[in-house]
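Trainee: Handing you a structure now.
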Amino acid sequence: MTKFAVKHSGPVLIPVRGSEKQFPVNMVYCVGRNYAAHAREMGTDERQPPLFFSKPGWTVNAAGSNIPYPSSTSDLQHEIELVLAMGSEQNIYGFAVGVDLTRRDLQARAKREGRPWFSAKVFTGAAPVSKIIPTDDNFDFSNLMLELSVNGEVRQSASCRDMIWSPADIIRNLAGEAQVKSGDLIFTGTPAGVSTIKKEDKIHAEINGVVGLDFTII
């Protein structure tokens with residue numbers, strides 16, 4: 001039995017729908033600029049390739065959890081995304097709907113100063129994710145529709161068909177920059193419509209007819 005030098009908390013676990021199994025989170029990778037309309041919304045050229053950044057696994061929140069409003073920001077924004085849950089040998093085990101929460105004012109400052117986005121993207125509850133839906137290698141992600149509402153008002157709605165890079169493209173390119181391992185989650189980018197949320201807002205994100213995710217900002 002392995003003995004640890006310090007207390008080891010273990011990975012964050014996400015339920016797998018229709019099973020008693022749990023998906024252990026390893027790394028969280030995110031793709032920026034993967035929808036042309038959102039790239040334009042953020043003032044960048046959609047012809048540029050999407051960029052990669054990451055979040056620690058501890059930022060993942062399971063569906064139904066309350067999420068505390070993070071410190072040091074007055075502009076917390078939502079970004080709904082298709083999330084890939086990776087299995088062995090860079091194969092997709094399943095998928096989920098997730099929300100990349102972003103301290104947009106801190107991100108804008110980091111961009112102006114040429115600094116990393118760490119403070120904008122990394123905080124408690126920054127990556128809420130629904131239950132994992134197991135799938136197979138032949139699944140067609142282009143048929144999925146993403147929709148996010150705040151207090152019942154639809155803010156984001158788009159088809160995964162509108163992604164610049166497909167899931168297969170994302171995995172192939174990410175594998176050229178990092179080791180993609182079992183337990184990794186890949187947030188595949190957000191469509192247009194990102195906007196500010198505040199305390200007591202109720203967020204509902206869903207892949208229409210497949211899986212949903214609900215949380216409240218407290």
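Going through the structure tokens in order, the chains are called A, B, and so on, while each chain numbers its residues from 1 and the ligands are numbered from 1 in the order shown.
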For region 91-123 of chain A against region 56-66 of chain A, with a cut-off of 12 Å and counting only C-alpha atoms, what is the closest atom pair and its distance in Å to one decimal for every residue that makes the cut, ordered by chain and number, as JSON lines?
Mentor:
```
{"residue": "A:Ala96", "atom": "CA", "partner": "A:Ala63", "partner_atom": "CA", "distance": 10.5}
{"residue": "A:Val97", "atom": "CA", "partner": "A:Ala63", "partner_atom": "CA", "distance": 9.8}
{"residue": "A:Gly98", "atom": "CA", "partner": "A:Ala63", "partner_atom": "CA", "distance": 9.1}
{"residue": "A:Val99", "atom": "CA", "partner": "A:Val60", "partner_atom": "CA", "distance": 9.7}
{"residue": "A:Asp100", "atom": "CA", "partner": "A:Val60", "partner_atom": "CA", "distance": 9.7}
{"residue": "A:Leu101", "atom": "CA", "partner": "A:Thr59", "partner_atom": "CA", "distance": 10.0}
{"residue": "A:Thr102", "atom": "CA", "partner": "A:Thr59", "partner_atom": "CA", "distance": 11.8}
{"residue": "A:Phe118", "atom": "CA", "partner": "A:Pro56", "partner_atom": "CA", "distance": 10.3}
{"residue": "A:Lys121", "atom": "CA", "partner": "A:Thr59", "partner_atom": "CA", "distance": 9.3}
{"residue": "A:Val122", "atom": "CA", "partner": "A:Thr59", "partner_atom": "CA", "distance": 6.8}
{"residue": "A:Phe123", "atom": "CA", "partner": "A:Thr59", "partner_atom": "CA", "distance": 6.3}
```
Trainee: Please return as a PyMOL selection string: the residues of region 39-126 of chain A that backbone DSSP assigns to alpha helix (DSSP H).
Mentor: chain A and resi 39-41+104-113+118-121
Trainee: With only C-alpha atoms as the counted atoms, please give the residues lying no more than 6 Å from Pro50 (chain A), apart from itself and same-chain residues fewer than 3 positions off, as a count of residues only.
Mentor: 3
Trainee: I want to know what sits within 7 Å of region 157-160 of chain A, based on only C-alpha atoms, with residues of the same chain fewer than 3 positions away left out; could you give that as a list of chain:residue names?
Mentor: A:Phe141, A:Ser142, A:Asn143, A:Leu144, A:Met145, A:Leu146, A:Glu147, A:Leu148, A:Met163, A:Pro191
Trainee: Output C-alpha atoms of each residue in that selection to a file, as a CSV table (one decimal), in the first residue's frame.
Mentor:
```
chain,number,residue,atom,x,y,z
A,141,PHE,CA,-21.2,15.3,-32.2
A,142,SER,CA,-22.3,17.7,-34.9
A,143,ASN,CA,-26.0,16.8,-34.2
A,144,LEU,CA,-25.8,18.2,-30.7
A,145,MET,CA,-27.4,21.5,-29.7
A,146,LEU,CA,-26.1,23.6,-26.8
A,147,GLU,CA,-28.3,26.0,-24.9
A,148,LEU,CA,-27.7,28.1,-21.7
A,163,MET,CA,-17.4,24.4,-34.3
A,191,PRO,CA,-20.6,29.9,-29.1
```
Trainee: Could you make a table, as a tab-separated table, of the residues of region 120-190 of chain A that have an atom within 8 Å of an atom of region 5-14 of chain A, each with its nearest atom pair and distance in Å to one decimal, counting only C-alpha atoms, in chain and number order?
Mentor:
```
residue	atom	partner	partner_atom	distance
A:Val129	CA	A:Ile14	CA	7.9
A:Ser130	CA	A:Ile14	CA	7.8
A:Lys131	CA	A:Ile14	CA	6.2
A:Ile132	CA	A:Ile14	CA	7.0
```
Trainee: Write out as a short mmCIF file (atom, residue, chain, number, x, y, z; two decimals) with C-alpha atoms, in the first residue's frame which residues come within 7 Å of region 193-206 of chain A when counting only C-alpha atoms, dropping same-chain ones fewer than 6 positions away.
Mentor:
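Dumped to around18.cif:
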```cif
data_model
loop_
_atom_site.label_atom_id
_atom_site.label_comp_id
_atom_site.auth_asym_id
_atom_site.auth_seq_id
_atom_site.Cartn_x
_atom_site.Cartn_y
_atom_site.Cartn_z
CA TYR A 69 -19.29 34.14 -6.58
CA ASP A 75 -17.76 40.67 -14.31
CA LEU A 76 -18.27 36.91 -13.96
CA GLN A 77 -19.39 35.43 -17.29
CA HIS A 78 -20.77 32.09 -18.51
CA GLU A 79 -19.53 30.04 -21.49
CA ILE A 80 -21.50 26.87 -22.30
CA VAL A 97 -22.29 19.72 -21.00
CA LEU A 146 -26.07 23.64 -26.84
CA GLU A 147 -28.33 26.01 -24.89
CA LEU A 148 -27.75 28.06 -21.75
CA SER A 149 -30.31 30.14 -19.89
CA VAL A 150 -30.02 32.46 -16.89
CA ASN A 151 -33.14 32.74 -14.71
CA ARG A 155 -28.46 33.56 -23.45
CA GLN A 156 -26.56 31.06 -25.65
CA GLY A 212 -28.59 19.07 -18.46
CA LEU A 213 -26.72 20.97 -15.78
CA ASP A 214 -28.13 23.32 -13.14
CA PHE A 215 -26.37 25.50 -10.58
CA THR A 216 -26.89 28.71 -8.66
CA ILE A 217 -24.36 31.47 -8.02
CA ILE A 218 -24.33 32.24 -4.28
#
```
Trainee: At most 12 Å is the cut-off: for each residue in region 181-215 of chain A with any atom that close to an atom of region 133-137 of chain A, write down the nearest atom pair and the distance in Å rounded to one decimal, counting only C-alpha atoms, chain first then increasing number, as a Markdown table.
Mentor:
```
| residue | atom | partner | partner_atom | distance |
| --- | --- | --- | --- | --- |
| A:Ile207 | CA | A:Ile133 | CA | 10.9 |
| A:Val210 | CA | A:Ile133 | CA | 8.4 |
| A:Val211 | CA | A:Ile133 | CA | 7.9 |
| A:Gly212 | CA | A:Ile133 | CA | 10.9 |
```
Trainee: If you keep C-alpha atoms, can you produce a file of those selected residues as a JSON list (two decimals), in the first residue's frame?
Mentor:
```json
[["chain", "number", "residue", "atom", "x", "y", "z"],
["A", 207, "ILE", "CA", -27.34, 19.54, -24.65],
["A", 210, "VAL", "CA", -29.53, 14.55, -23.92],
["A", 211, "VAL", "CA", -28.22, 15.97, -20.63],
["A", 212, "GLY", "CA", -28.59, 19.07, -18.46]]
```
Trainee: Per DSSP on the backbone, filter chain A down to the residues in strand (DSSP E) and report them as a ChimeraX atom specification.
Mentor: /A:13-15,22-24,28-32,51-55,60-62,66-67,76-77,80-86,92-99,102-103,127-129,133-134,145-150,153-159,185-187,196-197,202-207,211-217
Trainee: Mind pulling up the distance from CA of Tyr29 (chain A) to CA of Pro116 (chain A)?
Mentor: 14.8 Å
Trainee: Enter the distance from CA of Val83 (chain A) to CA of Gly18 (chain A), in Å, rounded to one decimal.
Mentor: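 Interatomic distance here is 18.0 Å.
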Trainee: Could you please determine the separation between CA of Asp184 (chain A) and CA of Tyr93 (chain A) in Å, to one decimal place?
Mentor: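 So the two atoms, CA of Asp184 (chain A) and CA of Tyr93 (chain A), lie 10.1 Å apart.
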Trainee: Go through A:Glu89, A:Lys111, A:Cys30, A:Ser119 one by one, measure the shortest atom-to-atom distance of each to Ser72 (chain A) using only C-alpha atoms, and give the residue with the smallest value.
Mentor: A:Ser119
